[in-house]
Structures are given as structure tokens and as C-alpha cells.
>>> print(open('final11.tsv').read())   # TSV, C-alpha atoms
chain	number	residue	atom	x	y	z
A	1	MET	CA	-8.76	1.73	-23.87
A	2	ASN	CA	-9.37	2.87	-20.30
A	3	ARG	CA	-6.56	2.80	-17.77
A	4	ILE	CA	-7.37	1.33	-14.37
A	5	ARG	CA	-4.82	1.87	-11.59
A	6	VAL	CA	-5.37	-0.48	-8.65
A	7	LEU	CA	-3.73	-0.20	-5.23
A	8	VAL	CA	-3.51	-3.58	-3.49
A	9	PHE	CA	-3.12	-3.52	0.29
A	10	GLY	CA	-3.53	-5.82	3.26
A	11	ALA	CA	-1.82	-7.33	6.28
A	12	THR	CA	1.53	-9.09	6.10
A	13	GLY	CA	1.13	-12.51	4.47
A	14	SER	CA	-2.49	-11.92	3.47
A	15	GLY	CA	-1.85	-12.81	-0.16
A	16	LYS	CA	-1.32	-9.43	-1.85
A	17	THR	CA	1.51	-10.58	-4.10
A	18	SER	CA	-0.25	-13.88	-4.83
A	19	LEU	CA	-3.33	-11.93	-5.94
A	20	CYS	CA	-1.19	-9.80	-8.24
A	21	ASN	CA	0.48	-12.91	-9.67
A	22	VAL	CA	-2.88	-14.53	-10.39
A	23	LEU	CA	-4.31	-11.39	-12.01
A	24	THR	CA	-1.28	-10.62	-14.16
A	25	GLY	CA	-0.47	-14.22	-15.02
A	26	ARG	CA	3.12	-13.56	-14.00
A	27	THR	CA	5.08	-14.87	-11.06
A	28	ARG	CA	6.77	-12.39	-8.77
A	29	PRO	CA	8.01	-14.12	-5.60
A	30	THR	CA	7.71	-12.54	-2.20
A	31	ASP	CA	10.97	-11.31	-0.69
A	32	SER	CA	10.76	-14.06	1.92
A	33	ASP	CA	9.01	-17.05	0.40
A	34	ALA	CA	9.00	-18.95	3.68
A	35	ARG	CA	6.88	-16.28	5.35
A	36	GLY	CA	5.11	-14.92	2.29
A	37	VAL	CA	6.33	-11.40	3.00
A	38	THR	CA	6.84	-8.55	0.53
A	39	SER	CA	9.24	-5.93	1.88
A	40	ARG	CA	9.03	-3.53	-1.07
A	41	SER	CA	6.08	-1.92	-2.81
A	42	HIS	CA	5.98	-2.92	-6.46
A	43	SER	CA	4.27	-1.62	-9.60
A	44	TYR	CA	3.42	-4.36	-12.10
A	45	ALA	CA	3.57	-3.84	-15.83
A	46	PRO	CA	0.03	-3.10	-17.09
A	47	PHE	CA	-1.97	-6.00	-18.54
A	48	GLU	CA	-5.12	-6.03	-20.63
A	49	ALA	CA	-8.41	-7.66	-19.65
A	50	GLN	CA	-12.00	-7.07	-20.76
A	51	GLY	CA	-10.86	-4.21	-22.97
A	52	GLN	CA	-9.20	-2.42	-20.04
A	53	ARG	CA	-5.56	-1.66	-19.31
A	54	ILE	CA	-5.00	-2.58	-15.66
A	55	GLU	CA	-1.99	-1.61	-13.55
A	56	LEU	CA	-1.48	-3.09	-10.07
A	57	ILE	CA	0.53	-1.51	-7.26
A	58	ASP	CA	1.39	-4.05	-4.55
A	59	THR	CA	2.16	-2.49	-1.15
A	60	VAL	CA	4.32	-3.56	1.76
A	61	GLY	CA	2.40	-4.56	4.90
A	62	LEU	CA	2.11	-1.68	7.35
A	63	HIS	CA	2.96	-3.88	10.33
A	64	GLU	CA	6.13	-5.39	8.90
A	65	SER	CA	8.34	-2.99	10.86
A	66	THR	CA	6.87	-4.24	14.15
A	67	GLU	CA	7.37	-7.83	13.01
A	68	GLY	CA	11.02	-7.28	12.24
A	69	THR	CA	10.84	-7.84	8.48
A	70	VAL	CA	11.36	-4.18	7.54
A	71	PRO	CA	13.67	-1.80	9.48
A	72	ALA	CA	12.08	1.42	10.75
A	73	ASP	CA	13.99	3.71	8.41
A	74	LYS	CA	13.15	1.54	5.42
A	75	ALA	CA	9.49	1.49	6.45
A	76	ILE	CA	9.46	5.29	6.29
A	77	LEU	CA	11.09	5.18	2.87
A	78	GLU	CA	8.39	2.75	1.74
A	79	LEU	CA	5.70	5.20	2.81
A	80	VAL	CA	7.28	8.03	0.85
A	81	GLU	CA	7.78	5.81	-2.20
A	82	LEU	CA	4.16	4.70	-1.98
A	83	LEU	CA	3.01	8.31	-2.10
A	84	GLU	CA	5.30	8.87	-5.06
A	85	LYS	CA	3.54	5.99	-6.86
A	86	ALA	CA	0.21	7.62	-5.99
A	87	ARG	CA	1.12	10.65	-8.12
A	88	ASP	CA	-1.24	9.55	-10.93
A	89	GLY	CA	-4.01	8.54	-8.54
A	90	PHE	CA	-5.95	5.29	-8.27
A	91	SER	CA	-9.13	3.94	-9.83
A	92	LEU	CA	-9.79	1.24	-7.24
A	93	LEU	CA	-8.47	-0.22	-4.00
A	94	ILE	CA	-8.30	-3.97	-3.34
A	95	HIS	CA	-8.07	-4.94	0.32
A	96	VAL	CA	-6.71	-8.48	0.65
A	97	THR	CA	-7.52	-10.50	3.75
A	98	ARG	CA	-7.61	-14.17	4.70
A	99	ALA	CA	-10.66	-16.24	5.55
A	100	THR	CA	-10.25	-15.89	9.30
A	101	ARG	CA	-11.60	-13.51	11.92
A	102	ILE	CA	-11.25	-9.76	11.42
A	103	THR	CA	-7.98	-8.70	13.03
A	104	LYS	CA	-6.65	-5.39	14.31
A	105	GLU	CA	-4.27	-5.40	11.33
A	106	HIS	CA	-7.28	-5.61	9.02
A	107	GLU	CA	-8.91	-2.64	10.73
A	108	ASP	CA	-5.66	-0.64	10.75
A	109	ASP	CA	-5.07	-1.24	7.05
A	110	TYR	CA	-8.61	-0.21	6.14
A	111	ALA	CA	-8.42	2.94	8.25
A	112	PHE	CA	-5.04	3.92	6.82
A	113	PHE	CA	-5.60	3.32	3.10
A	114	VAL	CA	-9.34	3.93	2.75
A	115	LYS	CA	-10.05	6.62	5.33
A	116	LYS	CA	-6.75	8.47	5.75
A	117	MET	CA	-4.69	8.10	2.61
A	118	THR	CA	-7.46	8.22	-0.01
A	119	GLN	CA	-10.08	9.87	2.24
A	120	GLY	CA	-12.88	7.59	1.09
A	121	ARG	CA	-12.78	8.99	-2.44
A	122	ILE	CA	-11.79	5.74	-4.16
A	123	PRO	CA	-13.99	2.62	-4.24
A	124	VAL	CA	-12.68	-0.48	-2.47
A	125	ILE	CA	-13.40	-4.19	-2.83
A	126	LEU	CA	-12.38	-7.02	-0.50
A	127	ALA	CA	-10.55	-10.10	-1.81
A	128	VAL	CA	-10.79	-12.97	0.67
A	129	ALA	CA	-7.89	-15.40	0.21
A	130	GLY	CA	-7.78	-18.96	1.50
A	131	CYS	CA	-11.27	-20.00	0.39
A	132	GLU	CA	-10.09	-23.06	-1.56
A	133	ASN	CA	-11.22	-25.44	1.19
A	134	GLU	CA	-14.77	-24.09	1.25
A	135	HIS	CA	-17.58	-25.80	-0.67
A	136	PRO	CA	-18.64	-23.78	-2.53
A	137	MET	CA	-15.69	-21.38	-2.48
A	138	GLY	CA	-17.92	-18.46	-1.45
A	139	ALA	CA	-19.34	-20.20	1.63
A	140	TRP	CA	-17.05	-18.42	4.12
A	141	VAL	CA	-17.90	-15.02	2.65
A	142	GLU	CA	-21.63	-15.68	2.92
A	143	ARG	CA	-21.33	-16.88	6.52
A	144	ASN	CA	-19.37	-13.79	7.52
A	145	ARG	CA	-20.86	-11.11	5.28
A	146	SER	CA	-22.53	-9.32	8.20
A	147	ALA	CA	-19.14	-8.90	9.93
A	148	PHE	CA	-18.09	-6.55	7.12
A	149	ALA	CA	-21.29	-4.49	7.12
A	150	SER	CA	-19.58	-1.47	8.71
A	151	TYR	CA	-16.96	-1.32	5.96
A	152	ARG	CA	-17.56	0.37	2.62
A	153	TYR	CA	-16.61	-2.57	0.42
A	154	ARG	CA	-18.36	-2.56	-2.94
A	155	GLU	CA	-18.00	-6.34	-3.20
A	156	LEU	CA	-16.54	-9.28	-1.27
A	157	ILE	CA	-14.76	-11.74	-3.57
A	158	PRO	CA	-13.87	-15.26	-2.34
A	159	CYS	CA	-10.49	-16.29	-3.77
A	160	CYS	CA	-8.01	-19.10	-4.13
A	161	PHE	CA	-4.36	-18.19	-4.70
A	162	ALA	CA	-2.91	-21.51	-3.52
A	163	SER	CA	-0.65	-23.41	-5.90
A	164	GLY	CA	1.61	-26.43	-6.12
A	165	GLY	CA	1.70	-29.67	-4.20
A	166	PRO	CA	-0.57	-32.69	-4.57
A	167	LEU	CA	-3.70	-30.50	-4.73
A	168	GLU	CA	-2.57	-28.42	-7.70
A	169	SER	CA	-5.19	-29.99	-9.97
A	170	HIS	CA	-7.80	-28.85	-7.44
A	171	TYR	CA	-6.36	-25.32	-7.25
A	172	VAL	CA	-6.09	-24.60	-10.99
A	173	PRO	CA	-9.81	-24.09	-11.75
A	174	LEU	CA	-10.31	-22.23	-8.46
A	175	ARG	CA	-7.51	-19.79	-9.29
A	176	GLU	CA	-9.01	-19.19	-12.72
A	177	GLN	CA	-12.43	-18.68	-11.16
A	178	SER	CA	-10.88	-16.20	-8.72
A	179	ARG	CA	-9.12	-14.33	-11.51
A	180	GLU	CA	-12.30	-14.00	-13.56
A	181	ALA	CA	-14.31	-12.82	-10.55
A	182	LEU	CA	-11.66	-10.28	-9.53
A	183	ILE	CA	-11.21	-8.82	-13.00
A	184	ALA	CA	-14.98	-8.53	-13.44
A	185	SER	CA	-15.22	-6.75	-10.08
A	186	VAL	CA	-12.31	-4.43	-10.93
A	187	VAL	CA	-13.91	-3.40	-14.22
A	188	ARG	CA	-17.33	-3.05	-12.59
A	189	ASN	CA	-16.22	-0.91	-9.66
A	190	ALA	CA	-13.24	1.12	-10.88
A	191	LEU	CA	-13.60	4.84	-11.42
A	192	LEU	CA	-13.68	5.98	-15.04
A	193	GLU	CA	-10.49	7.95	-14.42
A	194	PRO	CA	-7.89	7.53	-11.66
A	195	GLU	CA	-8.61	9.80	-8.69
A	196	LYS	CA	-5.62	11.79	-7.47
A	197	ILE	CA	-5.03	12.16	-3.75
A	198	TYR	CA	-2.73	15.14	-4.22
A	199	GLY	CA	-1.69	17.51	-6.97
A	200	GLY	CA	-3.73	18.77	-9.89
A	201	GLU	CA	-7.09	20.16	-8.83
A	202	THR	CA	-7.19	18.35	-5.49
A	203	GLY	CA	-6.01	21.40	-3.56
A	204	SER	CA	-3.62	19.09	-1.71
A	205	SER	CA	0.14	18.84	-2.17
A	206	PHE	CA	2.45	15.88	-1.66
A	207	THR	CA	3.42	17.50	1.64
A	208	ASP	CA	-0.23	17.74	2.69
A	209	ALA	CA	-0.83	14.08	1.84
A	210	LEU	CA	2.23	12.94	3.77
A	211	ALA	CA	1.35	15.09	6.78
A	212	ARG	CA	-2.16	13.62	6.77
A	213	ILE	CA	-0.96	10.04	7.11
A	214	TRP	CA	2.47	10.38	8.73
A	215	ASN	CA	1.64	9.91	12.42
A	216	GLU	CA	-0.89	7.17	11.79
A	217	PHE	CA	1.74	5.30	9.81
A	218	VAL	CA	4.28	5.78	12.61
A	219	GLU	CA	1.82	4.30	15.11
A	220	ILE	CA	0.67	1.37	12.96
A	221	ALA	CA	4.21	0.50	11.91
A	222	GLY	CA	5.37	0.60	15.53
A	223	LEU	CA	8.16	3.06	14.79
A	224	PRO	CA	10.04	4.82	17.61
A	225	GLU	CA	8.34	7.86	19.13
A	226	LYS	CA	11.03	10.16	17.73
A	227	TYR	CA	9.54	9.68	14.26
A	228	ARG	CA	6.19	11.16	15.29
A	229	LYS	CA	5.52	14.60	13.85
A	230	ASN	CA	4.30	17.04	16.49
A	231	VAL	CA	1.38	19.41	15.94
A	232	ASN	CA	2.48	22.44	13.89
A	233	GLU	CA	5.96	20.96	13.52
A	234	SER	CA	7.42	21.43	10.06
A	235	ALA	CA	9.30	18.65	8.34
A	236	TYR	CA	12.42	20.80	8.71
A	237	GLU	CA	11.94	20.84	12.48
A	238	LEU	CA	11.22	17.11	12.52
A	239	MET	CA	14.49	16.41	10.70
A	240	LYS	CA	16.29	18.66	13.16
A	241	ARG	CA	14.82	16.77	16.10
A	242	MET	CA	15.85	13.48	14.49
A	243	GLY	CA	19.44	14.73	14.45
A	244	VAL	CA	19.78	15.52	10.75
A	245	PRO	CA	22.65	18.04	10.37
A	246	LYS	CA	21.73	21.64	9.50
A	247	THR	CA	23.53	21.45	6.16
A	248	LEU	CA	21.26	18.60	5.13
A	249	ARG	CA	18.15	20.35	6.40
A	250	ASP	CA	19.07	23.46	4.44
A	251	ALA	CA	19.70	21.35	1.36
A	252	ALA	CA	16.22	19.87	1.74
A	253	VAL	CA	14.68	23.32	1.78
A	254	ALA	CA	16.75	24.22	-1.28
A	255	HIS	CA	15.42	21.16	-3.13
A	256	ILE	CA	18.69	19.42	-3.85
A	257	PRO	CA	17.69	15.76	-3.52
A	258	ASP	CA	20.78	14.32	-5.19
A	259	LEU	CA	23.10	16.24	-2.88
A	260	LEU	CA	21.01	15.11	0.07
A	261	GLN	CA	21.34	11.49	-0.91
A	262	GLU	CA	25.09	11.81	-1.34
A	263	LEU	CA	25.53	13.48	2.05
A	264	GLY	CA	22.94	11.34	3.80
A	265	ASN	CA	24.68	8.16	2.69
A	266	LYS	CA	27.71	9.24	4.70
A	267	LEU	CA	25.73	9.22	7.95
A	268	PRO	CA	25.43	6.03	10.05
A	269	VAL	CA	21.64	5.85	9.61
A	270	PRO	CA	20.30	3.15	7.26
A	271	PHE	CA	18.54	4.50	4.16
A	272	LEU	CA	18.77	8.12	5.39
A	273	GLY	CA	20.22	9.30	2.10
A	274	ARG	CA	17.39	7.82	0.06
A	275	ILE	CA	14.78	9.03	2.53
A	276	LEU	CA	16.07	12.58	2.41
A	277	LYS	CA	16.23	12.51	-1.37
A	278	PHE	CA	12.50	11.85	-1.49
A	279	VAL	CA	11.83	14.33	1.29
A	280	ALA	CA	13.76	17.12	-0.41
A	281	GLY	CA	12.41	16.32	-3.84
A	282	LYS	CA	8.87	16.83	-2.60
A	283	ALA	CA	9.56	20.01	-0.66
A	284	LEU	CA	9.04	18.38	2.71
A	285	GLY	CA	11.59	20.69	4.23
A	286	ALA	CA	9.36	23.73	3.84
A	287	GLY	CA	8.82	25.65	7.02
A	288	LYS	CA	12.40	26.31	8.03
>>> encode(input="final11.tsv", output="C-alpha cells")
Amino acid sequence: MNRIRVLVFGATGSGKTSLCNVLTGRTRPTDSDARGVTSRSHSYAPFEAQGQRIELIDTVGLHESTEGTVPADKAILELVELLEKARDGFSLLIHVTRATRITKEHEDDYAFFVKKMTQGRIPVILAVAGCENEHPMGAWVERNRSAFASYRYRELIPCCFASGGPLESHYVPLREQSREALIASVVRNALLEPEKIYGGETGSSFTDALARIWNEFVEIAGLPEKYRKNVNESAYELMKRMGVPKTLRDAAVAHIPDLLQELGNKLPVPFLGRILKFVAGKALGAGK
């Protein structure tokens, strides 16, 4: 049985978690149900469909730091954790958007995940949520197909993830139709084997991958300028500029992530201990 690893990304509130719930048949609530926001990336337990073993990785929205739902330090931690989950590579990307106009957030997400993070090496499909009021459900996609011509989407899939309320009987068959269409598209477009973005024979390390996307993430997430990595600046120097004590920087270079977390937790910076644990564990302090 083939393993298909799928990275799901999209703007805040676009329906990423709802898509994952529909595909897996399980219900994982967002961290803020009122706003439909997921503030942590999440790997779902694999499920089987069409003879394939499919694993979904749901990502936090890149703009959630600017919208106040994710603190800056936690947003950085999310980026590092996301790269950690990318260790085994991905077979397919699913970009989730809503049936509205193309926004800057949509463009930013596509540029970050498709062009920067995975460097165009992994196929991507577009899932368009909010199509339940169209007749037929694919009408919006057909009317706006030309607007997506410049993107490298293999397919555009109209979807309904809505549930509950007086229209639930209307939503049920549309959700099932969406699930069938998405699974068929996943199986049709996924790579035969997950493509790694670092490690193995890629010639790229975790450090290389993080350096490639770091500044773009800082800009998209609206993080303070101090988080931006300067040209030719090592991670050790970046930590120094951010005010991380020398003992912690040296510990990072020495690859002692547990010690870093213990010491970092004593500093008045949210999540610094956990951030430095990841940083040290992946040799981000190289270049002392």
C-alpha cells in the first residue's frame, strides 16, 4: 500500500481543518471555533482510501501572527515544527481557499509553500471551499478558472465543508461529493513516493531549508524586524542579536537541545526554550 503524505495550507479561516475533518471522517475542532482558526500545525493519523494510506498535515495560517491569534515567538516555533514534520517529505500539496476573489494572503501562501519551501518540486491542487451555494457546486470554479491560470495547480476542486444548522440535509451529500472528488484528485496527482525538501539525497540540510524560507516567513507573518536574518548572518549571530545569552548560543552549537530548553525557559521570552531546543537540535547554531 502506497503512502501519500499531504501538506494542507491556506489562509486563516480558509477551511484547512474542515477539509482534513471531511477527508479523515474525524472531527478535530479549530483552536478558536468562533473564528475558525487553527493555531497549531497538526499531523492526522493516516487513513486508507482507494488502496492508499493517506496522511494529512494541517498547517497554521502564515498571517495569524499579524492578526493577533498567534504570538510572534510561537509563530517562529510553528515554522520550525513544520519543517520538522517535513522530514519525510510530501507527496502532494493542497492549497485551501474560499470562493471569493484572490487575496494577497492567497498569493503569499502559494509563494511560500509552493515556490520557496518545496521549490516547485511537489504537485499542488486547489480546494475551493464555500461552494455549497453554487448550482452546480462547480459553477464558481468554472467562472473563475482563468484567474488561476498563472498558478501551477494540477486541479481545482469545488468543495463543501459546511455542517450543522437547518441546511445540514443539504450539506451532507455535498460534503460526501467533495470528499470523493478530493480523494480521487489526491490519488491521481500525488507523487509515487514522498519528495524530501531536505536531507537524504537532496543536497540540502534542515539549516539550508530554514534559511531559504526564514525571511519570507518573517515578512508574511508580520514579525518584528529583529527576527529577520541578515545576509551571511549565521543563526548563532542572529541569536546573539536577539539577545540570547552566550551560554545558550554555545549550547546550541554544542547540540544540547534539552539543556537549551531548560535554560531558555528561565528567560522572560515566551516559548524561547522550545524554540532553542529545535534550533539546537537541528544544528542551527553553526557558524559561531
>>> closest_residue(input="final11.tsv", among="A:Pro166, A:Gly61, A:Gly10, A:Pro123", to="Tyr151 of chain A", atoms="only C-alpha atoms")
A:Pro123
>>> atom_distance(input="final11.tsv", atom1="atom CA of Gln177 of chain A", atom2="atom CA of Gly138 of chain A")
11.2 Å
>>> closest_residue(input="final11.tsv", among="A:Lys74, A:Arg101, A:Arg175, A:His95", to="Ala147 of chain A", atoms="all atoms listed in the file")
A:Arg101
>>> residues_around(input="final11.tsv", residues="segment 198-201 of chain A", least_positions_apart="4", cutoff="9 Å", atoms="all atoms listed in the file", output="list in words")
Ala86, Arg87, Asp88, Gly89, Ser205, Phe206, Thr207, Asp208 and Ala209 of chain A
>>> write_last_selection(input="final11.tsv", atoms="C-alpha atoms", output="short mmCIF file (atom, residue, chain, number, x, y, z; two decimals), keeping the file's coordinate frame")
data_model
loop_
_atom_site.label_atom_id
_atom_site.label_comp_id
_atom_site.auth_asym_id
_atom_site.auth_seq_id
_atom_site.Cartn_x
_atom_site.Cartn_y
_atom_site.Cartn_z
CA ALA A 86 0.21 7.62 -5.99
CA ARG A 87 1.12 10.65 -8.12
CA ASP A 88 -1.24 9.55 -10.93
CA GLY A 89 -4.01 8.54 -8.54
CA SER A 205 0.14 18.84 -2.17
CA PHE A 206 2.45 15.88 -1.66
CA THR A 207 3.42 17.50 1.64
CA ASP A 208 -0.23 17.74 2.69
CA ALA A 209 -0.83 14.08 1.84
#
>>> closest_residue(input="final11.tsv", among="A:Ile213, A:Ile220, A:Val22, A:Val186", to="Leu83 of chain A", atoms="only C-alpha atoms")
A:Ile213
>>> atom_distance(input="final11.tsv", atom1="atom CA of Arg228 of chain A", atom2="atom CA of Asp58 of chain A")
25.5 Å
>>> residues_near_point(input="final11.tsv", point="(-11.6, -17.5, -4.5)", cutoff="10 Å", atoms="all atoms listed in the file", output="short mmCIF file (atom, residue, chain, number, x, y, z; two decimals) with C-alpha atoms, keeping the file's coordinate frame")
data_model
loop_
_atom_site.label_atom_id
_atom_site.label_comp_id
_atom_site.auth_asym_id
_atom_site.auth_seq_id
_atom_site.Cartn_x
_atom_site.Cartn_y
_atom_site.Cartn_z
CA ALA A 127 -10.55 -10.10 -1.81
CA VAL A 128 -10.79 -12.97 0.67
CA ALA A 129 -7.89 -15.40 0.21
CA GLY A 130 -7.78 -18.96 1.50
CA CYS A 131 -11.27 -20.00 0.39
CA GLU A 132 -10.09 -23.06 -1.56
CA ASN A 133 -11.22 -25.44 1.19
CA GLU A 134 -14.77 -24.09 1.25
CA PRO A 136 -18.64 -23.78 -2.53
CA MET A 137 -15.69 -21.38 -2.48
CA GLY A 138 -17.92 -18.46 -1.45
CA VAL A 141 -17.90 -15.02 2.65
CA ILE A 157 -14.76 -11.74 -3.57
CA PRO A 158 -13.87 -15.26 -2.34
CA CYS A 159 -10.49 -16.29 -3.77
CA CYS A 160 -8.01 -19.10 -4.13
CA PHE A 161 -4.36 -18.19 -4.70
CA ALA A 162 -2.91 -21.51 -3.52
CA TYR A 171 -6.36 -25.32 -7.25
CA PRO A 173 -9.81 -24.09 -11.75
CA LEU A 174 -10.31 -22.23 -8.46
CA ARG A 175 -7.51 -19.79 -9.29
CA GLU A 176 -9.01 -19.19 -12.72
CA GLN A 177 -12.43 -18.68 -11.16
CA SER A 178 -10.88 -16.20 -8.72
CA ARG A 179 -9.12 -14.33 -11.51
CA GLU A 180 -12.30 -14.00 -13.56
CA ALA A 181 -14.31 -12.82 -10.55
CA LEU A 182 -11.66 -10.28 -9.53
#
